[in-house]
Each structure stands twice: as C-alpha cells, then as structure tokens.
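Novice: Contents of target.cif (mmCIF, C-alpha atoms, pLDDT in the B column; chains and numbers go by the auth columns):
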data_final
#
loop_
_atom_site.group_PDB
_atom_site.id
_atom_site.type_symbol
_atom_site.label_atom_id
_atom_site.label_comp_id
_atom_site.label_asym_id
_atom_site.label_seq_id
_atom_site.Cartn_x
_atom_site.Cartn_y
_atom_site.Cartn_z
_atom_site.B_iso_or_equiv
_atom_site.auth_seq_id
_atom_site.auth_asym_id
ATOM 1 C CA MET A 1 -39.989 -42.946 -5.881 40.00 1 A
ATOM 2 C CA HIS A 2 -42.337 -41.066 -3.550 40.00 2 A
ATOM 3 C CA GLN A 3 -43.809 -37.843 -4.835 40.00 3 A
ATOM 4 C CA HIS A 4 -44.850 -35.237 -2.267 41.00 4 A
ATOM 5 C CA LEU A 5 -48.272 -33.886 -3.134 43.00 5 A
ATOM 6 C CA SER A 6 -48.912 -30.369 -1.937 49.00 6 A
ATOM 7 C CA LYS A 7 -52.136 -29.930 -0.004 56.00 7 A
ATOM 8 C CA LYS A 8 -51.868 -26.172 0.220 58.00 8 A
ATOM 9 C CA ARG A 9 -55.169 -24.366 0.415 61.00 9 A
ATOM 10 C CA LYS A 10 -55.877 -21.306 -1.660 78.00 10 A
ATOM 11 C CA THR A 11 -56.161 -17.857 -0.112 84.00 11 A
ATOM 12 C CA GLU A 12 -57.194 -17.955 3.529 90.00 12 A
ATOM 13 C CA HIS A 13 -58.921 -14.926 5.041 94.00 13 A
ATOM 14 C CA VAL A 14 -58.084 -14.630 8.737 96.00 14 A
ATOM 15 C CA ILE A 15 -59.869 -12.324 11.146 95.00 15 A
ATOM 16 C CA LEU A 16 -57.700 -11.375 14.105 95.00 16 A
ATOM 17 C CA GLY A 17 -59.670 -11.618 17.326 93.00 17 A
ATOM 18 C CA VAL A 18 -63.346 -11.809 18.215 93.00 18 A
ATOM 19 C CA ASP A 19 -65.104 -8.538 18.918 89.00 19 A
ATOM 20 C CA MET A 20 -68.288 -6.646 18.080 85.00 20 A
ATOM 21 C CA GLY A 21 -67.405 -6.414 14.382 88.00 21 A
ATOM 22 C CA THR A 22 -66.445 -10.046 13.764 92.00 22 A
ATOM 23 C CA SER A 23 -69.819 -11.261 12.470 92.00 23 A
ATOM 24 C CA ASP A 24 -70.142 -8.207 10.194 90.00 24 A
ATOM 25 C CA LEU A 25 -66.661 -8.815 8.826 93.00 25 A
ATOM 26 C CA ILE A 26 -67.485 -12.498 8.187 94.00 26 A
ATOM 27 C CA ASP A 27 -70.653 -11.454 6.306 94.00 27 A
ATOM 28 C CA ILE A 28 -68.732 -8.912 4.211 93.00 28 A
ATOM 29 C CA LEU A 29 -66.099 -11.507 3.265 94.00 29 A
ATOM 30 C CA LYS A 30 -68.765 -14.085 2.358 94.00 30 A
ATOM 31 C CA ARG A 31 -70.707 -11.583 0.235 95.00 31 A
ATOM 32 C CA SER A 32 -67.446 -10.826 -1.579 94.00 32 A
ATOM 33 C CA GLY A 33 -67.194 -14.495 -2.556 93.00 33 A
ATOM 34 C CA ASN A 34 -64.573 -15.562 -0.029 91.00 34 A
ATOM 35 C CA ARG A 35 -65.012 -19.071 1.324 86.00 35 A
ATOM 36 C CA ASN A 36 -61.887 -19.856 3.360 90.00 36 A
ATOM 37 C CA ILE A 37 -62.568 -17.727 6.421 94.00 37 A
ATOM 38 C CA SER A 38 -60.960 -18.334 9.790 94.00 38 A
ATOM 39 C CA VAL A 39 -61.024 -16.398 13.041 96.00 39 A
ATOM 40 C CA ILE A 40 -58.238 -16.440 15.613 95.00 40 A
ATOM 41 C CA ASP A 41 -59.945 -16.331 19.004 95.00 41 A
ATOM 42 C CA TYR A 42 -57.339 -15.179 21.509 93.00 42 A
ATOM 43 C CA GLU A 43 -59.591 -16.138 24.432 92.00 43 A
ATOM 44 C CA ALA A 44 -60.654 -19.538 23.082 87.00 44 A
ATOM 45 C CA GLU A 45 -61.296 -22.306 25.559 85.00 45 A
ATOM 46 C CA ALA A 46 -61.300 -24.940 22.819 84.00 46 A
ATOM 47 C CA ASP A 47 -58.679 -25.353 20.089 87.00 47 A
ATOM 48 C CA LYS A 48 -61.178 -25.393 17.232 90.00 48 A
ATOM 49 C CA LEU A 49 -64.829 -24.486 16.699 89.00 49 A
ATOM 50 C CA ALA A 50 -66.796 -24.485 13.471 89.00 50 A
ATOM 51 C CA LEU A 51 -69.742 -22.129 13.073 88.00 51 A
ATOM 52 C CA GLY A 52 -71.193 -22.730 9.660 86.00 52 A
ATOM 53 C CA SER A 53 -68.352 -22.565 7.167 87.00 53 A
ATOM 54 C CA THR A 54 -66.197 -20.341 9.401 93.00 54 A
ATOM 55 C CA MET A 55 -63.490 -21.882 11.574 92.00 55 A
ATOM 56 C CA PHE A 56 -62.539 -20.382 14.939 95.00 56 A
ATOM 57 C CA TYR A 57 -59.061 -21.369 16.134 94.00 57 A
ATOM 58 C CA SER A 58 -56.987 -20.854 19.234 94.00 58 A
ATOM 59 C CA PRO A 59 -53.754 -19.011 18.356 93.00 59 A
ATOM 60 C CA LYS A 60 -51.659 -22.154 18.796 90.00 60 A
ATOM 61 C CA LEU A 61 -53.808 -24.298 16.512 93.00 61 A
ATOM 62 C CA ALA A 62 -54.232 -21.465 13.992 92.00 62 A
ATOM 63 C CA LYS A 63 -50.492 -21.416 13.397 89.00 63 A
ATOM 64 C CA ARG A 64 -50.478 -25.128 12.544 90.00 64 A
ATOM 65 C CA GLU A 65 -53.649 -25.023 10.450 88.00 65 A
ATOM 66 C CA LEU A 66 -52.795 -21.915 8.449 88.00 66 A
ATOM 67 C CA GLU A 67 -49.259 -22.919 7.522 87.00 67 A
ATOM 68 C CA ASN A 68 -50.815 -24.968 4.704 82.00 68 A
ATOM 69 C CA SER A 69 -52.258 -21.895 3.003 88.00 69 A
ATOM 70 C CA LYS A 70 -50.701 -20.455 -0.138 91.00 70 A
ATOM 71 C CA LYS A 71 -51.710 -16.926 0.799 92.00 71 A
ATOM 72 C CA ILE A 72 -53.116 -15.429 4.001 93.00 72 A
ATOM 73 C CA VAL A 73 -55.007 -12.140 4.119 94.00 73 A
ATOM 74 C CA PHE A 74 -55.408 -10.767 7.627 94.00 74 A
ATOM 75 C CA HIS A 75 -58.417 -8.673 8.640 93.00 75 A
ATOM 76 C CA LYS A 76 -59.102 -6.699 11.797 90.00 76 A
ATOM 77 C CA TYR A 77 -62.248 -4.782 12.688 81.00 77 A
ATOM 78 C CA LEU A 78 -61.601 -1.163 13.591 77.00 78 A
ATOM 79 C CA ASP A 79 -64.359 0.728 15.350 72.00 79 A
ATOM 80 C CA PRO A 80 -65.251 3.698 13.116 73.00 80 A
ATOM 81 C CA LYS A 81 -65.186 5.933 16.194 74.00 81 A
ATOM 82 C CA LEU A 82 -61.484 5.138 16.670 68.00 82 A
ATOM 83 C CA ARG A 83 -60.485 5.755 13.049 61.00 83 A
ATOM 84 C CA ARG A 84 -59.003 9.088 12.054 62.00 84 A
#
Could you render the structure from this file as structure tokens?
Specialist:
Amino acid sequence: MHQHLSKKRKTEHVILGVDMGTSDLIDILKRSGNRNISVIDYEAEADKLALGSTMFYSPKLAKRELENSKKIVFHKYLDPKLRR
C-alpha cells in the first residue's frame, strides 16, 4: 500500500509585485522571524530567481510553487502618501 506523504510547507509570506517598498517589506518580514518569503514579479523575464533566502517568481510559476503551502499571507506595499 502506497502512503501519500504531504510535502506542504508552513506559512508562506507572498509579496505582490516589485516596487519601491519591496526590499523594506522583505526586511520587515525577516526581522519578524518569517523565513518563507516569496515575491510575485509581474514583469519577470525568468520564471524563478533567488536573492538570498527570498524567491522571486513569475505569476505562472508562483501558482504552481505556492499551491504546496498550508497557509499563504499576502502582502502589498502601499505608499504612505496614498493611504488615507
């Protein structure tokens, strides 16, 4: 009998898009103790890029990679000037 072993990752923190606040957001998440950090790069020329411990994915590859996560927390940088 074959037993299916789950390879689900723990909580994945996903930053939506690359902009001027992305590196700050990555630093904040790391300082908070988060290790599974990914960025969806909507303008990516490559499917996958690793910078340190942070993974940058194209949207298509992100969908496949992140489906193995138990929980996904999405983050988006909002320019303080645009907040109300």
Novice: Run the PyMOL selection byres ((chain A and resi 16) around 12) mentally over the shown coordinates, then write out the matched residues as a list of chain:residue names, using the chain letters and numbers from the document.
Specialist: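 Output from the PyMOL selection byres ((chain A and resi 16) around 12), applied to this file: A:His13, A:Val14, A:Ile15, A:Gly17, A:Val18, A:Asp19, A:Gly21, A:Thr22, A:Leu25, A:Ile26, A:Ile37, A:Ser38, A:Val39, A:Ile40, A:Asp41, A:Tyr42, A:Glu43, A:Phe56, A:Tyr57, A:Ser58, A:Pro59, A:Ala62, A:Ile72, A:Val73, A:Phe74, A:His75, A:Lys76, A:Tyr77, A:Leu78.
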Novice: Go ahead and dump the residues you just picked, C-alpha atoms, as a short mmCIF file (atom, residue, chain, number, x, y, z; two decimals), in the coordinates of the input.
Specialist:
data_model
loop_
_atom_site.label_atom_id
_atom_site.label_comp_id
_atom_site.auth_asym_id
_atom_site.auth_seq_id
_atom_site.Cartn_x
_atom_site.Cartn_y
_atom_site.Cartn_z
CA HIS A 13 -58.92 -14.93 5.04
CA VAL A 14 -58.08 -14.63 8.74
CA ILE A 15 -59.87 -12.32 11.15
CA GLY A 17 -59.67 -11.62 17.33
CA VAL A 18 -63.35 -11.81 18.22
CA ASP A 19 -65.10 -8.54 18.92
CA GLY A 21 -67.40 -6.41 14.38
CA THR A 22 -66.44 -10.05 13.76
CA LEU A 25 -66.66 -8.82 8.83
CA ILE A 26 -67.48 -12.50 8.19
CA ILE A 37 -62.57 -17.73 6.42
CA SER A 38 -60.96 -18.33 9.79
CA VAL A 39 -61.02 -16.40 13.04
CA ILE A 40 -58.24 -16.44 15.61
CA ASP A 41 -59.94 -16.33 19.00
CA TYR A 42 -57.34 -15.18 21.51
CA GLU A 43 -59.59 -16.14 24.43
CA PHE A 56 -62.54 -20.38 14.94
CA TYR A 57 -59.06 -21.37 16.13
CA SER A 58 -56.99 -20.85 19.23
CA PRO A 59 -53.75 -19.01 18.36
CA ALA A 62 -54.23 -21.46 13.99
CA ILE A 72 -53.12 -15.43 4.00
CA VAL A 73 -55.01 -12.14 4.12
CA PHE A 74 -55.41 -10.77 7.63
CA HIS A 75 -58.42 -8.67 8.64
CA LYS A 76 -59.10 -6.70 11.80
CA TYR A 77 -62.25 -4.78 12.69
CA LEU A 78 -61.60 -1.16 13.59
#
Novice: So how far away is CA of Arg64 (chain A) from CA of Lys48 (chain A), in Å?
Specialist: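 Between these atoms lies a distance of 11.7 Å.
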Novice: Just how far from CA of Ile28 (chain A) is CA of Lys10 (chain A), in Å to one decimal?
Specialist: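 That distance, rounded to one decimal, is 18.8 Å.
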Novice: Could you tell me how far CA of Thr11 (chain A) lies from CA of Lys71 (chain A), in Å and to one decimal?
Specialist: 4.6 Å
Novice: Considering all atoms listed in the file, can you say which of A:Ser23, A:Pro80, A:Ser32, A:Glu67 comes closest to Gly52 (chain A)?
Specialist: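 Of all the options, A:Ser23 lies closest to Gly52 (chain A).
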Novice: Show which residues sit within 8 Å of Ser53 (chain A), as JSON, numbers by chain. Count all atoms listed in the file, and ignore same-chain residues fewer than 3 positions away.
Specialist: {"A": [35, 36, 37, 50]}
